[in-house]
Structures are given as structure tokens and as C-alpha cells.
Amino acid sequence: MHWRGIFSYTGAIIAAVGLLMLPALVCSLYYGDAGVAPLLLSMVSVSLAGLALYLVWRKHAPETVNSREAMTIVALCWISAGLVGALPFHLGGVFDSFTDAFFESVSGFTTTGSSVLTDIEAVAPGLLFWRSLTQWIGGMGIIVLSVAVLPILGVGGMHLYRAEFSGGRQDRIKPRVRAAALSLWKVYLLFSTVLVVLLLLGGMNLFDALCHMFATIATGGYSTKNLSMGHYQSAYLHLVVTMFMFLGAINFALHYQALRGRPLALWSNSEARFFTVLTLGTVTVIALTLWAQQTYETLGEAFLFSAFNLVSIITTTGYATADFALWPPLAAALLFVAMFIGGCAGSTSGGVKCMRVLLVAKHMYREGFRVIHPQAVVLVKMSGKRVEESVVSGICGFLGLFAALYLVLSLLLAAMGLDLVTSFSAAIAAMGNIGPGFGSVGPAENFAHLPDAAKWLLAWGMLLGRLELYAVIIFLFPAFWRA
């Protein structure tokens with residue numbers, strides 16, 4: 001592999017991450033808080049280091065990258081972002097150890113939302129702004145953002161785009177990757193702007209509106225309040241955030257098509273339709289359960305809490321307006337199952353994605369049908385189009401690998417002394433990029449009490465989930481290095 005070229009491209013992205021600390025620095029200067037020095041030092045040092053890395057190796061960078069090099073760039077960029085993003089937290093004294101700072105940073109960039117902060121409201125506003133901004137940056141992916149820039153540096157973006165979204169074939173918006181990435185970012189910026197305005201109309205101040213916008217549209221879940229969105233006793237704000245969490249979990253290519261005059265594209269897409277029906281059905285069942293068990297007095301209140309928290313979990317955002325770990329067993333069980341499903345491919349959500357769940361369900365139905373009719377020819381289709389057998393096979397393999405890695409991660413956490421519920425829910429909270437789990441990492445708790453080894457392990461799990469497994473574990477295969 002062209003390692004010098006890989007370092008050059010990685011350096012360019014590191015420099016970009018450093019420059020993106022500028023808005024947080026401006027916020028810190030406005031409030032005159034303790035975040036000015038750590039943000040300024042981090043921005044200058046990271047930007048210069050990344051720029052130096054790029055300039056030193058740029059002459060040796062190839063014009064194109066192959067699949068192995070693309071995977072390496074993707075992994076290095078996300079790991080580097082986690083490391084450099086942790087600097088303001090560490091230098092600002094937010095955490096006593098770099099482990100905690102790295103965990104918070106990786107959780108931000110991967111839009112996981114798991115936190116080790118015990119008193120969020122005591123942190124300087126500028127550092128909280130950076131914390132939320134990392135989720136907005138990671139929402140559409142550092143690599144997707146860079147696809148619009150890397151061609152200028154002399155590298156084709158197609159391999160990087162595929163490596164970032166290896167889980168499913170994206171609806172092709174435009175033939176050129178740079179144009180496609182820019183189109184997605186236009187939608188992202190539009191939704192972000194609209195959401196800020198709606199939050200301001202609901203009574204949030206500008207700082208809180210921006211921070212919650214960053215976390216909501218990115219389905220990340222970082223809040224500026226200790227009680228998360230439960231701090232705001234406003235049905236309007238809860239409904240607005242619920243709507244935009246839901247929008248953030250749908251393929252942004254479909255949003256682009258809808259905004260271009262094809263609104264039916266959202267409903268004609270099998271995955272988006274499945275996600276919508278699944279979400280509405282589960283919300284209804286949970287709401288009726290909460291009402292029947294008298295968890296909430298009125299059916300309307302039960303639906304409001306059910307909708308917000310279920311959408312927050314299934315979109316892998318991680319906000320909470322209630323301690324759902326205390327809900328009736330059926331409601332809690334449905335939330336736990338929703339953690340595994342996630343949103344749609346091509347969205348900012350994590351999880352295994354509805355596309356995979358739907359395809360595997362259709363594949364299982366086909367195999368059952370063949371038992372009854374052995375000679376029948378049954379095709380697996382999505383949105384009226386045939387799905388190639390290689391795609392079905394690949395998705396089955398992905399789900400098998402996801403299950404195996406989830407089991408390994410859960411058992412390793414249990415080996416560190418975590419109880420059964422905490423181990424298995426923390427593992428899926430990390431790999432699904434969800435945020436809160438159950439047990440001692442539930443919505444009313446956080447991850448601060450976990451041992452450092454568990455935090456590093458969970459940070460690895462977050463990267464696994466955000467990069468859809470292969471871009472991380474591919475380095476463990478000897479064949480990768482021999483190719």
C-alpha cells in the first residue's frame with residue numbers, strides 16, 4: 001500500500017477537524033469561559049500537525065486509491081478524529097483521564113451519545129458546543145464530507161464513499177461522488193437550519209438550540225442538560241425533536257429526491273416504508289402498554305412518551321424523557337429489540353439497518369416457501385427490483401458477523417465484572433451507536449463508573465458500528481496485509 005499517500009490524506013482530514021473547532025472557540029470567547037485556552041491550543045496544534053502531515057507526503061500520494069487503501073484511510077480518519085477531538089476535553093480539565101476524554105470524543109464523532117460526564121451543566125459552554133458539534137460532523141460522516149474535497153487533492157472519492165457506506169447500495173443521486181456528497185450535505189444543512197428555527201420558536205435559547213440541533217439531526221443524542229430532553233417540559237419541543245430524529249433516520253438520498261419534486265419516493269422505497277410502519281406499530285404497542293399498566297394517566301401522555309423514547313432508540317439517537325428501564329417489561333423489551341434494528345441505510349442512524357432486517361426477513365420467507373414448493377422460483381425484491389443473490393448472501397454474512405462480535409463484546413464486558421443486563425445492553429448501545437442501555441448504563445445513569453478497559457473496549461465497539469464492521473476488523477485478517 002502507498003502508506004505515504006495514506007498519511008497525506010489522513011493529515012488533510014485531521015487538519016480539517018482542527019479547523020472545525022473554530023465555531024466552538026468563538027462560542028467560548030463569547031461566553032468568556034474556561035474553554036478558550038484548551039480550544040485555541042487544540043485547534044492550532046491539530047491543524048498545524050495535520051497540515052504538516054499532508055504537505056510532507058502529498059508528493060508521494062497516488063492519484064487514485066484502491067479498496068485496501070480506502071479502508072485504511074477511513075479507519076485512520078475516524079480513530080484520529082477521536083484522538084484529536086479529545087484534546088479540548090483533556091486540556092480543559094473536563095475529565096481526569098485521557099481515557100474518558102477519548103471515550104466522549106469517539107462517542108461524539110460516531111454519533112453514539114454514550115457519555116462519561118457526571119455533571120453536564122457544569123462544563124464550559126464552549127466545550128459543550130464542541131461536544132455537540134462532533135456529532136453533527138460525524139452525522140453524515142467525516143469521509144462523506146471529505147469526498148467533496150479529496151478530488152481537489154488528487155484522490156478519487158468512490159472508494160472512500162463505498163467504504164463509508166459499505167452496508168448497502170445507495171440510491172444514486174448523481175454519477176459523480178463529489179456531486180452526490182454535496183447534494184446530501186445540502187439536505188443536511190437545510191434540515192439543520194429548519195430545526196434550529198423550530199427549537200428557537202419553542203423557547204430554547206440559541207446556544208441550546210444549536211447544540212440540540214447538532215445532536216438531533218445527526219441522531220447523536222448529546223444534550224446540554226443533565227436530564228437530557230427531559231429537562232424541557234414542553235410537548236412542542238418533544239414533538240419537534242421526535243420528528244427530526246425520525247427524518248434523520250431515513251436515507252438522505254430519498255430526502256433529496258423528495259425535495260426535488262418526488263415526494264412519493266419516500267413511500268415507494270421498501271426500506272423507508274418498513275421503517276415507518278415498524279416505528280408507528282411499536283410506538284402504538286408501547287403506548288397502550290404504558291396506559292394499560294397506568295404508567296401514565298392519559299393515553300395522550302403515554303403516546304407522547306412512547307413516541308419520543310422509541311423513536312430516540314430506534315433511530316439510535318439516545319435522548320430520553322423518562323427512565324424507560326423502569327417501564328413495564330413488554331415496553332422495555334420492545335425498546336431493547338429496537339436497539340438492534342436501527343434506521344435506514346444512507347441515514348445518520350446506527351444499528352444493523354432496516355434494509356438488512358427486511359431483506360433477511362424476505363429471505364427467510366422465501367426459504368420457508370421453498371420447503372412447501374421446492375420447484376418454485378422466488379425472487380427477493382426491494383422497491384420492486386430484484387436483489388442479487390450475492391447481496392442477500394453478503395447481508396446474511398454481515399448479520400452473522402455482527403452477532404458474533406456483539407456476543408464477544410458482551411462476554412468481555414461481563415468478564416470485567418459488569419452484570420448481565422449492563423454487559424449485553426452496553427455492548428449493543430456501543431455497536432448500535434445508540435447511547436444509553438439498561439442496567440447501570442441506563443438513561444438515568446452514564447458510563448463514568450465503568451473501568452478504563454471497558455471504556456476502551458466500548459470505544460472500539462462504537463467504531464465497529466459506525467464503520468459497519470469491515471473497515472475496522474479487516475486489519476485483523478492476514479490476507480489484508482499480504483494482498
# chains A, B, ... in the order shown; residues from 1 in each chain; ligands from 1
call {"tool": "closest_atom_pairs", "arguments": {"of": "segment 170-253 of chain A", "to": "segment 426-443 of chain A", "cutoff": "10 Å", "atoms": "only C-alpha atoms", "output": "CSV"}}
result
residue,atom,partner,partner_atom,distance
A:Thr219,CA,A:Ile434,CA,8.6
A:Gly220,CA,A:Ile434,CA,7.7
A:Gly221,CA,A:Gly435,CA,7.2
A:Tyr222,CA,A:Gly435,CA,8.9
A:Leu227,CA,A:Pro443,CA,9.0
A:Ser228,CA,A:Pro443,CA,9.0
call {"tool": "residues_around", "arguments": {"residues": "Ile73 of chain A", "least_positions_apart": "2", "cutoff": "10 Å", "atoms": "only C-alpha atoms", "output": "PyMOL selection string"}}
result
chain A and resi 3+5-10+13+65+67-71+75-79+143+160+163+471
call {"tool": "closest_residue", "arguments": {"among": "A:Asn251, A:Asn205, A:Asn269, A:Ser45", "to": "Cys344 of chain A", "atoms": "only C-alpha atoms"}}
result
A:Asn251
call {"tool": "atom_distance", "arguments": {"atom1": "atom CA of Leu128 of chain A", "atom2": "atom CA of Thr317 of chain A"}}
result
17.4 Å
